[in-house]
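Have a look at the structure below, then the notes.
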Amino acid sequence: MKRIACLALAALIGLPVPQVLAQQAGGINPPPLVLSPNLAEPWLLQLRAGQQRRAPVVVGEPAAQAPVRLASAGSQQAAAAVRRQVAPEFLPAIVDYTGPHKPGTIIIDTNARYLYLVEEGGTARRYGVGVGKPGFEWAGTHRITRKAEWPDWRPPAEMRKRKPGLPTFMPGGPNNPLGARALYLGSTLYRIHGSNEPWTIGHAVSSGCIRMRNEDVSDLYERVGVGTRVIVM
């Protein structure tokens, strides 16, 4: 213990350690300590090997590149989730209206994929819609003759002929293609209805019906009644 204390004291006051050892040994200086190259060489080799294993630093590489590669396995799922959402421009909005139709009229612009409900004060409530695909476009003026919540679906014979796998009847519910609400147009087979495929809003995908998000058709359902005039352009 005394020897360790002396060494520590020598280090603090700057006295060479060999001199301290010499004093403790009775004043005889020990032979100089020489580090043999043969002993140092393995350590040098180990240090060099460690330097070779070190990952290279690439200047200019984005710091986020590695996390992106790690997350690439879920990128397809993320992209699919984005595709399954309605485009922002087709979300409901209040817009100016200066046309000739009186408040309470529904106007559907199939080219722009918008449904307008004319309101008081020179405004209209605008919703995004899905419309008839090529070959199923139509235009005309009708009135709402019936309203239904979570309507049943009975695909017409013409549709079943085109798609033989369709059922003849499907009860209303979240999986029903007519969605949460339906507004029936005159004596036609067409409806303004909800959809369990909101990503189709803004596209021409239906067999002639006007599709809306379930949230939007439910809102429209509460604002209009049987007899409402509907103009499809």
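Going by the structure tokens order, chains are called A, B, ..., each with residues numbered from 1, while ligands are numbered from 1 in the order shown.
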Neighbour list for A:Gly121 as number ranges by chain, cut-off 9 Å, only C-alpha atoms, skip fewer than 4 positions in-chain: A: 96-97, 103
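Using only C-alpha atoms, the nearest neighbour of A:Gly140 within the list A:Pro174, A:Pro164, A:Gly186, A:Pro155 is A:Gly186.
Among A:Gln85, A:Thr188, A:Ser195, A:Thr123, the residue with the shortest atom-to-atom distance to A:His101, counting only C-alpha atoms, is A:Thr123.
Closest approach to A:Tyr114 among A:Val224, A:Ile201, A:Ala157, A:Val217: A:Ile201, based on only C-alpha atoms.
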Nearest to A:Ile210, chosen from A:Lys133, A:Lys102, A:Lys163, A:Arg125, with only C-alpha atoms counted in the distances: A:Lys133
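For the pair atom CA of A:Gly194 and atom CA of A:Lys161, the separation is 23.5 Å.
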Find the residue from A:Ile144, A:Gly104, A:Val226, A:Leu91 that sits nearest to A:Leu117; use only C-alpha atoms when measuring. A:Gly104
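Proximity of A:Leu185, A:Met233, A:Ile192, A:Ala204 to A:Val131, computed with only C-alpha atoms, is greatest for A:Ala204.
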Excluding A:Arg191 and its own-chain neighbours fewer than 5 positions away, which residues fall within 12 Å of it when counting only C-alpha atoms? Please give them as an MDAnalysis selection string. chainID A and resid 130:132 142:148 151 153 177:179 181:186 206:212 217 230 232
